[in-house]
>>> print(open('input34.cif').read())   # mmCIF, C-alpha atoms
data_entry
loop_
_atom_site.group_PDB
_atom_site.id
_atom_site.type_symbol
_atom_site.label_atom_id
_atom_site.label_comp_id
_atom_site.auth_asym_id
_atom_site.auth_seq_id
_atom_site.Cartn_x
_atom_site.Cartn_y
_atom_site.Cartn_z
ATOM 1 C CA MET A 885 43.990 75.083 73.934
ATOM 2 C CA LYS A 886 42.921 73.195 77.058
ATOM 3 C CA LYS A 887 40.826 75.261 79.463
ATOM 4 C CA VAL A 888 42.640 76.467 82.601
ATOM 5 C CA THR A 889 40.541 75.638 85.653
ATOM 6 C CA PHE A 890 42.570 77.346 88.393
ATOM 7 C CA ASP A 891 43.232 81.014 89.109
ATOM 8 C CA LEU A 892 45.885 83.331 90.520
ATOM 9 C CA HIS A 893 44.255 83.500 93.965
ATOM 10 C CA GLN A 894 44.728 79.746 94.334
ATOM 11 C CA LEU A 895 48.362 79.924 93.196
ATOM 12 C CA ARG A 896 49.111 82.783 95.597
ATOM 13 C CA ALA A 897 47.511 80.892 98.494
ATOM 14 C CA PHE A 898 49.502 77.758 97.651
ATOM 15 C CA ILE A 899 52.808 79.651 97.501
ATOM 16 C CA THR A 900 52.074 81.389 100.804
ATOM 17 C CA VAL A 901 51.265 78.115 102.577
ATOM 18 C CA ILE A 902 54.528 76.560 101.389
ATOM 19 C CA ASP A 903 56.545 79.679 102.277
ATOM 20 C CA THR A 904 55.043 80.026 105.801
ATOM 21 C CA GLY A 905 54.753 76.303 106.555
ATOM 22 C CA SER A 906 51.145 76.392 107.793
ATOM 23 C CA PHE A 907 47.615 77.253 106.723
ATOM 24 C CA SER A 908 47.082 79.508 109.726
ATOM 25 C CA ALA A 909 50.208 81.597 109.041
ATOM 26 C CA ALA A 910 49.279 81.852 105.364
ATOM 27 C CA ALA A 911 45.766 82.997 106.325
ATOM 28 C CA ARG A 912 47.163 85.775 108.517
ATOM 29 C CA GLN A 913 49.551 86.910 105.773
ATOM 30 C CA LEU A 914 46.798 86.906 103.137
ATOM 31 C CA ASN A 915 44.284 88.512 105.525
ATOM 32 C CA GLN A 916 41.867 85.631 105.028
ATOM 33 C CA THR A 917 40.383 82.908 107.207
ATOM 34 C CA GLN A 918 42.177 79.594 107.514
ATOM 35 C CA SER A 919 39.111 77.891 106.070
ATOM 36 C CA ALA A 920 39.214 80.140 102.975
ATOM 37 C CA VAL A 921 42.890 79.344 102.388
ATOM 38 C CA SER A 922 42.229 75.613 102.797
ATOM 39 C CA GLN A 923 39.411 75.824 100.250
ATOM 40 C CA LEU A 924 41.668 77.605 97.730
ATOM 41 C CA ILE A 925 44.295 74.875 98.059
ATOM 42 C CA LEU A 926 41.703 72.085 97.750
ATOM 43 C CA GLN A 927 40.258 73.726 94.637
ATOM 44 C CA LEU A 928 43.740 73.984 93.128
ATOM 45 C CA GLU A 929 44.507 70.344 93.880
ATOM 46 C CA LYS A 930 41.145 69.303 92.389
ATOM 47 C CA SER A 931 41.763 71.379 89.253
ATOM 48 C CA LEU A 932 45.210 69.830 88.755
ATOM 49 C CA ASP A 933 44.095 66.378 89.942
ATOM 50 C CA SER A 934 47.212 66.258 92.126
ATOM 51 C CA GLN A 935 48.051 66.325 95.822
ATOM 52 C CA LEU A 936 50.299 69.340 96.226
ATOM 53 C CA ILE A 937 50.771 69.531 100.016
ATOM 54 C CA ASP A 938 51.773 66.851 102.523
ATOM 55 C CA ARG A 939 49.508 67.689 105.472
ATOM 56 C CA ARG A 940 50.740 64.886 107.749
ATOM 57 C CA ASN A 941 53.613 66.860 109.250
ATOM 58 C CA ARG A 942 54.214 70.309 110.678
ATOM 59 C CA PRO A 943 55.340 72.503 109.105
ATOM 60 C CA VAL A 944 53.479 71.395 106.008
ATOM 61 C CA LYS A 945 55.623 70.693 102.944
ATOM 62 C CA ALA A 946 55.098 70.398 99.225
ATOM 63 C CA THR A 947 54.840 66.950 97.653
ATOM 64 C CA LEU A 948 56.968 66.072 94.632
ATOM 65 C CA LEU A 949 54.226 67.396 92.367
ATOM 66 C CA GLY A 950 53.823 70.343 94.708
ATOM 67 C CA HIS A 951 57.451 71.346 94.217
ATOM 68 C CA GLU A 952 56.864 71.523 90.451
ATOM 69 C CA CYS A 953 53.629 73.414 90.961
ATOM 70 C CA TYR A 954 55.447 75.861 93.264
ATOM 71 C CA ARG A 955 58.112 76.498 90.629
ATOM 72 C CA PHE A 956 55.565 77.195 87.901
ATOM 73 C CA SER A 957 53.360 79.242 90.229
ATOM 74 C CA MET A 958 56.245 81.545 91.141
ATOM 75 C CA LYS A 959 57.005 82.061 87.464
ATOM 76 C CA ILE A 960 53.353 82.726 86.581
ATOM 77 C CA LEU A 961 52.865 85.304 89.343
ATOM 78 C CA SER A 962 56.153 86.979 88.472
ATOM 79 C CA GLU A 963 55.101 87.253 84.819
ATOM 80 C CA CYS A 964 51.724 88.653 85.847
ATOM 81 C CA GLY A 965 53.405 91.251 88.021
ATOM 82 C CA GLU A 966 55.744 92.197 85.187
ATOM 83 C CA MET A 967 52.794 92.497 82.798
ATOM 84 C CA GLN A 968 50.971 94.762 85.230
ATOM 85 C CA ASN A 969 54.009 97.001 85.703
ATOM 86 C CA TRP A 970 54.607 97.043 81.946
ATOM 87 C CA LEU A 971 51.053 98.162 81.174
ATOM 88 C CA HIS A 972 51.080 100.792 83.908
ATOM 89 C CA THR A 973 54.351 102.196 82.560
ATOM 90 C CA ILE A 974 52.963 102.381 79.023
ATOM 91 C CA ASP A 975 49.810 104.049 80.323
ATOM 92 C CA SER A 976 51.974 106.716 81.960
ATOM 93 C CA GLY A 977 53.403 107.620 78.532
ATOM 94 C CA LYS A 978 56.737 105.747 78.807
ATOM 95 C CA LEU A 979 58.079 102.562 77.324
ATOM 96 C CA PRO A 980 58.891 100.020 80.040
ATOM 97 C CA ARG A 981 62.017 98.756 78.272
ATOM 98 C CA LEU A 982 64.025 99.368 75.113
ATOM 99 C CA ARG A 983 66.905 97.208 73.920
ATOM 100 C CA LEU A 984 68.754 99.391 71.439
ATOM 101 C CA GLY A 985 71.526 98.531 68.989
ATOM 102 C CA LEU A 986 73.695 101.210 67.357
ATOM 103 C CA VAL A 987 76.422 100.887 64.735
ATOM 104 C CA ASP A 988 79.785 102.317 65.780
ATOM 105 C CA SER A 989 79.516 105.508 63.749
ATOM 106 C CA VAL A 990 76.137 106.391 65.303
ATOM 107 C CA VAL A 991 77.511 105.812 68.814
ATOM 108 C CA ALA A 992 80.434 108.123 68.087
ATOM 109 C CA ILE A 993 78.365 110.941 66.671
ATOM 110 C CA ALA A 994 75.262 110.865 68.876
ATOM 111 C CA GLY A 995 75.378 107.922 71.295
ATOM 112 C CA LEU A 996 75.242 109.996 74.481
ATOM 113 C CA GLN A 997 72.630 112.369 73.083
ATOM 114 C CA ILE A 998 70.405 109.425 72.130
ATOM 115 C CA LEU A 999 70.572 108.000 75.649
ATOM 116 C CA LYS A 1000 69.750 111.408 77.144
ATOM 117 C CA TYR A 1001 66.853 111.714 74.724
ATOM 118 C CA LEU A 1002 65.494 108.330 75.827
ATOM 119 C CA GLN A 1003 65.807 109.010 79.562
ATOM 120 C CA PRO A 1004 62.348 110.581 80.037
ATOM 121 C CA LYS A 1005 60.724 108.293 77.463
ATOM 122 C CA VAL A 1006 61.830 104.795 78.523
ATOM 123 C CA ASP A 1007 61.888 103.233 81.984
ATOM 124 C CA LYS A 1008 64.817 100.878 81.322
ATOM 125 C CA VAL A 1009 67.287 101.179 78.415
ATOM 126 C CA SER A 1010 70.001 98.759 77.402
ATOM 127 C CA GLN A 1011 72.273 99.654 74.490
ATOM 128 C CA ILE A 1012 74.882 97.663 72.583
ATOM 129 C CA THR A 1013 77.227 98.540 69.738
ATOM 130 C CA GLY A 1014 78.068 96.336 66.789
ATOM 131 C CA THR A 1015 78.402 95.957 63.048
ATOM 132 C CA ALA A 1016 75.343 96.113 60.809
ATOM 133 C CA PRO A 1017 75.161 92.304 60.317
ATOM 134 C CA GLU A 1018 75.544 91.675 64.071
ATOM 135 C CA LEU A 1019 72.775 94.111 64.968
ATOM 136 C CA LEU A 1020 70.441 92.759 62.280
ATOM 137 C CA ALA A 1021 70.905 89.206 63.567
ATOM 138 C CA ALA A 1022 70.248 90.333 67.167
ATOM 139 C CA LEU A 1023 67.056 92.135 66.108
ATOM 140 C CA GLN A 1024 65.758 89.116 64.194
ATOM 141 C CA SER A 1025 66.494 86.760 67.085
ATOM 142 C CA GLY A 1026 64.603 88.965 69.552
ATOM 143 C CA LYS A 1027 67.659 90.118 71.522
ATOM 144 C CA LEU A 1028 67.142 93.743 70.455
ATOM 145 C CA ASP A 1029 63.991 95.824 69.934
ATOM 146 C CA VAL A 1030 65.377 98.606 67.720
ATOM 147 C CA ILE A 1031 68.568 99.105 65.737
ATOM 148 C CA VAL A 1032 70.054 102.197 64.093
ATOM 149 C CA THR A 1033 72.169 100.832 61.299
ATOM 150 C CA MET A 1034 73.455 100.972 57.753
ATOM 151 C CA ILE A 1035 71.200 99.374 55.158
ATOM 152 C CA HIS A 1036 73.140 96.926 53.038
ATOM 153 C CA GLY A 1037 71.143 94.529 50.896
ATOM 154 C CA ASP A 1038 67.503 93.527 51.275
ATOM 155 C CA VAL A 1039 65.668 94.071 54.547
ATOM 156 C CA PRO A 1040 63.754 90.967 55.735
ATOM 157 C CA GLU A 1041 59.963 91.199 55.343
ATOM 158 C CA SER A 1042 59.503 90.602 59.073
ATOM 159 C CA LEU A 1043 61.103 93.984 59.848
ATOM 160 C CA SER A 1044 59.857 97.558 59.494
ATOM 161 C CA LEU A 1045 62.261 100.150 58.072
ATOM 162 C CA TYR A 1046 62.271 103.866 58.894
ATOM 163 C CA PRO A 1047 64.730 105.879 56.727
ATOM 164 C CA LEU A 1048 67.086 108.043 58.757
ATOM 165 C CA ILE A 1049 69.657 109.737 56.507
ATOM 166 C CA THR A 1050 71.522 109.162 53.262
ATOM 167 C CA GLU A 1051 75.142 110.272 53.448
ATOM 168 C CA ARG A 1052 77.686 110.534 50.671
ATOM 169 C CA PHE A 1053 81.179 109.110 50.646
ATOM 170 C CA PHE A 1054 84.189 111.306 49.868
ATOM 171 C CA ALA A 1055 87.936 110.883 49.563
ATOM 172 C CA VAL A 1056 89.881 111.491 52.780
ATOM 173 C CA THR A 1057 93.595 112.333 52.649
ATOM 174 C CA PRO A 1058 96.203 113.816 55.017
ATOM 175 C CA ILE A 1059 95.973 117.594 55.268
ATOM 176 C CA GLY A 1060 99.370 118.153 53.629
ATOM 177 C CA TRP A 1061 98.706 116.234 50.435
ATOM 178 C CA PRO A 1062 98.049 118.220 47.233
ATOM 179 C CA GLU A 1063 94.662 117.865 45.575
ATOM 180 C CA GLN A 1064 94.627 114.738 43.402
ATOM 181 C CA THR A 1065 92.225 112.738 41.286
ATOM 182 C CA LEU A 1066 91.192 109.258 42.373
ATOM 183 C CA GLU A 1067 93.377 107.799 39.643
ATOM 184 C CA GLN A 1068 96.386 109.688 40.984
ATOM 185 C CA LEU A 1069 95.651 108.640 44.568
ATOM 186 C CA CYS A 1070 95.460 104.992 43.488
ATOM 187 C CA LYS A 1071 98.778 105.169 41.652
ATOM 188 C CA ARG A 1072 100.760 107.189 44.176
ATOM 189 C CA HIS A 1073 99.506 106.220 47.622
ATOM 190 C CA ASN A 1074 98.288 103.263 49.677
ATOM 191 C CA TYR A 1075 94.578 102.838 50.202
ATOM 192 C CA ILE A 1076 93.523 102.066 53.787
ATOM 193 C CA ALA A 1077 90.503 99.788 53.445
ATOM 194 C CA TYR A 1078 87.672 98.795 55.722
ATOM 195 C CA ALA A 1079 87.620 95.080 56.466
ATOM 196 C CA ASN A 1080 86.030 93.384 53.473
ATOM 197 C CA TRP A 1081 83.647 91.382 55.696
ATOM 198 C CA THR A 1082 81.935 94.611 56.801
ATOM 199 C CA PRO A 1083 79.152 96.195 54.692
ATOM 200 C CA THR A 1084 81.223 99.377 54.311
ATOM 201 C CA GLY A 1085 84.286 97.399 53.241
ATOM 202 C CA ALA A 1086 82.351 95.492 50.602
ATOM 203 C CA GLN A 1087 80.540 98.602 49.367
ATOM 204 C CA THR A 1088 83.626 100.810 48.976
ATOM 205 C CA LEU A 1089 85.850 98.128 47.441
ATOM 206 C CA ASN A 1090 83.128 97.202 44.932
ATOM 207 C CA TRP A 1091 82.695 100.853 44.000
ATOM 208 C CA LEU A 1092 86.422 101.176 43.270
ATOM 209 C CA LYS A 1093 86.304 98.008 41.146
ATOM 210 C CA TRP A 1094 83.309 99.281 39.162
ATOM 211 C CA ARG A 1095 85.337 102.396 38.302
ATOM 212 C CA ASN A 1096 88.270 100.173 37.341
ATOM 213 C CA LEU A 1097 90.385 101.666 40.140
ATOM 214 C CA LYS A 1098 92.922 99.329 41.707
ATOM 215 C CA PRO A 1099 94.625 101.003 44.670
ATOM 216 C CA ASN A 1100 97.322 99.215 46.607
ATOM 217 C CA ILE A 1101 95.793 98.055 49.886
ATOM 218 C CA GLN A 1102 98.462 97.784 52.560
ATOM 219 C CA PHE A 1103 96.138 98.036 55.566
ATOM 220 C CA GLU A 1104 92.642 96.605 56.039
ATOM 221 C CA LEU A 1105 91.087 97.656 59.342
ATOM 222 C CA ALA A 1106 87.705 97.113 61.009
ATOM 223 C CA ARG A 1107 87.393 100.403 62.920
ATOM 224 C CA ALA A 1108 86.887 103.800 61.320
ATOM 225 C CA ASP A 1109 88.824 105.645 64.045
ATOM 226 C CA HIS A 1110 91.875 103.462 63.406
ATOM 227 C CA ILE A 1111 91.652 104.136 59.672
ATOM 228 C CA LEU A 1112 91.358 107.891 60.205
ATOM 229 C CA SER A 1113 94.295 107.884 62.637
ATOM 230 C CA MET A 1114 96.449 106.198 59.986
ATOM 231 C CA ILE A 1115 95.444 108.809 57.421
ATOM 232 C CA ALA A 1116 96.073 111.683 59.831
ATOM 233 C CA SER A 1117 99.625 110.374 60.269
ATOM 234 C CA GLY A 1118 100.172 110.329 56.498
ATOM 235 C CA GLN A 1119 99.955 106.572 55.907
ATOM 236 C CA GLY A 1120 97.402 106.602 53.089
ATOM 237 C CA TRP A 1121 93.884 107.597 52.041
ATOM 238 C CA THR A 1122 90.368 106.159 52.138
ATOM 239 C CA LEU A 1123 86.704 106.710 51.346
ATOM 240 C CA ALA A 1124 84.512 107.904 54.214
ATOM 241 C CA THR A 1125 81.256 109.607 55.180
ATOM 242 C CA PRO A 1126 80.520 112.344 57.744
ATOM 243 C CA MET A 1127 79.619 109.720 60.342
ATOM 244 C CA PHE A 1128 82.975 108.015 59.955
ATOM 245 C CA LEU A 1129 84.767 111.316 60.561
ATOM 246 C CA ALA A 1130 82.619 111.721 63.664
ATOM 247 C CA ASN A 1131 84.419 108.779 65.266
ATOM 248 C CA ASP A 1132 87.158 111.233 66.298
ATOM 249 C CA PHE A 1133 86.558 114.929 65.733
ATOM 250 C CA SER A 1134 90.039 115.718 67.065
ATOM 251 C CA LEU A 1135 91.492 114.338 63.814
ATOM 252 C CA LEU A 1136 89.631 116.749 61.523
ATOM 253 C CA SER A 1137 92.391 119.339 61.556
ATOM 254 C CA SER A 1138 94.788 116.709 60.170
ATOM 255 C CA LEU A 1139 92.491 115.561 57.363
ATOM 256 C CA ASN A 1140 91.244 116.896 54.058
ATOM 257 C CA CYS A 1141 88.105 115.787 52.260
ATOM 258 C CA ASN A 1142 87.096 116.038 48.620
ATOM 259 C CA PRO A 1143 83.875 114.989 46.889
ATOM 260 C CA LEU A 1144 83.855 111.974 44.591
ATOM 261 C CA PRO A 1145 83.143 112.350 40.868
ATOM 262 C CA ALA A 1146 79.511 111.901 39.825
ATOM 263 C CA PRO A 1147 77.473 109.832 40.403
ATOM 264 C CA GLY A 1148 79.493 109.251 43.567
ATOM 265 C CA LEU A 1149 78.764 106.734 46.310
ATOM 266 C CA SER A 1150 76.398 106.914 49.254
ATOM 267 C CA ARG A 1151 75.066 104.766 52.071
ATOM 268 C CA LYS A 1152 71.670 104.717 53.719
ATOM 269 C CA MET A 1153 71.152 104.759 57.468
ATOM 270 C CA ALA A 1154 67.831 103.627 58.890
ATOM 271 C CA ILE A 1155 66.030 102.519 62.023
ATOM 272 C CA LEU A 1156 64.712 98.955 62.036
ATOM 273 C CA CYS A 1157 62.327 97.159 64.361
ATOM 274 C CA ARG A 1158 60.184 94.058 64.116
ATOM 275 C CA GLU A 1159 57.013 94.580 62.116
ATOM 276 C CA GLY A 1160 54.033 95.602 64.215
ATOM 277 C CA GLU A 1161 56.091 96.589 67.269
ATOM 278 C CA LEU A 1162 56.704 100.060 68.733
ATOM 279 C CA GLU A 1163 54.661 101.673 65.951
ATOM 280 C CA SER A 1164 53.618 104.591 68.178
ATOM 281 C CA PHE A 1165 57.199 105.242 69.314
ATOM 282 C CA ILE A 1166 59.455 104.812 66.282
ATOM 283 C CA PRO A 1167 58.240 107.635 63.962
ATOM 284 C CA SER A 1168 58.971 110.424 66.464
ATOM 285 C CA PHE A 1169 62.154 108.625 67.559
ATOM 286 C CA THR A 1170 63.349 108.592 63.934
ATOM 287 C CA THR A 1171 62.626 112.299 63.435
ATOM 288 C CA ASP A 1172 64.403 113.311 66.641
ATOM 289 C CA ILE A 1173 67.467 111.082 66.076
ATOM 290 C CA LYS A 1174 67.809 112.456 62.546
ATOM 291 C CA GLN A 1175 67.906 115.986 63.957
ATOM 292 C CA LEU A 1176 70.491 114.996 66.587
ATOM 293 C CA VAL A 1177 72.800 113.447 64.006
ATOM 294 C CA GLU A 1178 72.500 116.293 61.517
ATOM 295 C CA ALA A 1179 73.053 118.942 64.197
ATOM 296 C CA THR A 1180 76.282 117.277 65.293
ATOM 297 C CA ILE A 1181 77.578 116.986 61.732
ATOM 298 C CA ASP A 1182 76.712 120.629 61.057
ATOM 299 C CA GLU A 1183 78.540 121.754 64.179
ATOM 300 C CA TYR A 1184 81.812 120.064 63.297
ATOM 301 C CA MET A 1185 81.955 119.799 59.519
ATOM 302 C CA ALA A 1186 79.438 121.856 57.557
ATOM 303 C CA GLU A 1187 81.386 125.107 57.905
ATOM 304 C CA ARG A 1188 84.671 123.575 56.701
ATOM 305 C CA TRP A 1189 83.181 121.353 53.989
ATOM 306 C CA PRO A 1190 79.760 122.863 53.116
ATOM 307 C CA TRP A 1191 79.323 120.520 50.151
ATOM 308 C CA MET A 1192 79.468 117.499 52.457
ATOM 309 C CA TYR A 1193 76.069 117.747 54.076
ATOM 310 C CA PRO A 1194 73.753 119.933 51.966
ATOM 311 C CA ARG A 1195 70.344 120.964 53.207
#
>>> encode(input="input34.cif", output="structure tokens")
Amino acid sequence: MKKVTFDLHQLRAFITVIDTGSFSAAARQLNQTQSAVSQLILQLEKSLDSQLIDRRNRPVKATLLGHECYRFSMKILSECGEMQNWLHTIDSGKLPRLRLGLVDSVVAIAGLQILKYLQPKVDKVSQITGTAPELLAALQSGKLDVIVTMIHGDVPESLSLYPLITERFFAVTPIGWPEQTLEQLCKRHNYIAYANWTPTGAQTLNWLKWRNLKPNIQFELARADHILSMIASGQGWTLATPMFLANDFSLLSSLNCNPLPAPGLSRKMAILCREGELESFIPSFTTDIKQLVEATIDEYMAERWPWMYPR
């Protein structure tokens, strides 16, 4: 890397001269002598081997090269200021920024609680919702710092994984239906499927195929709350987990749930971040988010279906 021969003092002096239009005004603003400001500019021009200021007119103006130098100088000083603020924020015990991605079911069950939890711990939080593949792609591209998501397939080596919970699927039917085996449900009623391009859709449909179950699929929907609304109105049945039911707790009184025959089906939820980043923050974050999610599930479902979320 080529050695940098100028410093921030020179850049700040140059910007101030251009902004004020004179060396004397810049000197007053910087609380320096006019001679000192002139020397800083001359040193900068010598270091860059370029004339940056047209001194022939008043107010003084930047040359063509000076305009480019001004643009880069503003960016450099802005980045330095951001770095300083970032480090000071970290030193105070807070993260300066967190870009967080949550799958829909996590948002429904604990989205608000997670944001409240982060309020005293992070200076600026931005949160988006999406499918597991969308969030994974955003994390890998650097658009997100942390995601809470379903694990489906291999996790790239460039990412660190922190297990959150493992939750079991069960059969969900309208409250008025009699208890039935999976074979009977497949023969007698429509199955309301998750879109097959989603990890949950692929996982549940594959599980049914492996058990040689072939339900009639009349509806294939992308959102869990839409699926549960259809079931609550008597339109069919599906496979779901506690988090899916959490998309709309008001529907629970219209639904019935039964465990699947052994060995059953489950999905793993985890927190992912890029390897080597946020290592001092994520472990406690994982523990606390796990407690938030489990407490919410217990409150709404453990009493009615104690088998659903054993401790």
>>> resolve_selection(input="input34.cif", expression="the PyMOL selection byres ((chain A and resi 1006) around 7)", output="list in words")
Lys978, Leu979, Pro980, Arg981, Leu982, Leu1002, Gln1003, Pro1004, Lys1005, Asp1007, Lys1008 and Val1009 of chain A
>>> resolve_selection(input="input34.cif", expression="the PyMOL selection byres ((chain A and resi 1072) around 12)", output="MDAnalysis selection string")
chainID A and resid 1061:1062 1064:1071 1073:1075 1098:1101 1119:1121
>>> closest_residue(input="input34.cif", among="A:Leu984, A:Met1153, A:Ile902, A:Ala911", to="Leu999 (chain A)", atoms="only C-alpha atoms")
A:Leu984
>>> atom_distance(input="input34.cif", atom1="CA of Glu929 (chain A)", atom2="CA of Lys945 (chain A)")
14.3 Å
>>> residues_around(input="input34.cif", residues="region 1017-1033 of chain A", least_positions_apart="5", cutoff="12 Å", atoms="only C-alpha atoms", output="number ranges by chain")
A: 979, 981-991, 994-995, 998, 1009-1012, 1038-1050, 1081-1084, 1127, 1151-1163, 1165-1166, 1169-1170, 1173-1174, 1177
>>> closest_residue(input="input34.cif", among="A:Leu1105, A:Ser1134, A:Trp1091, A:Gly1060", to="Tyr1078 (chain A)", atoms="all atoms listed in the file")
A:Leu1105
>>> atom_distance(input="input34.cif", atom1="CA of Ala897 (chain A)", atom2="CA of Met967 (chain A)")
20.2 Å
>>> atom_distance(input="input34.cif", atom1="CA of Phe1103 (chain A)", atom2="CA of Gly1085 (chain A)")
12.1 Å
>>> resolve_selection(input="input34.cif", expression="the PyMOL selection byres ((chain A and resi 906) around 10)", output="PyMOL selection string")
chain A and resi 900-905+907-911+918+939+941-945
>>> closest_residue(input="input34.cif", among="A:Leu1149, A:Met1114, A:Asn1140, A:Ile1059", to="Trp1094 (chain A)", atoms="only C-alpha atoms")
A:Leu1149
>>> closest_residue(input="input34.cif", among="A:Ala1116, A:Ile1181, A:Asp1109, A:Met1192", to="Leu1144 (chain A)", atoms="all atoms listed in the file")
A:Met1192
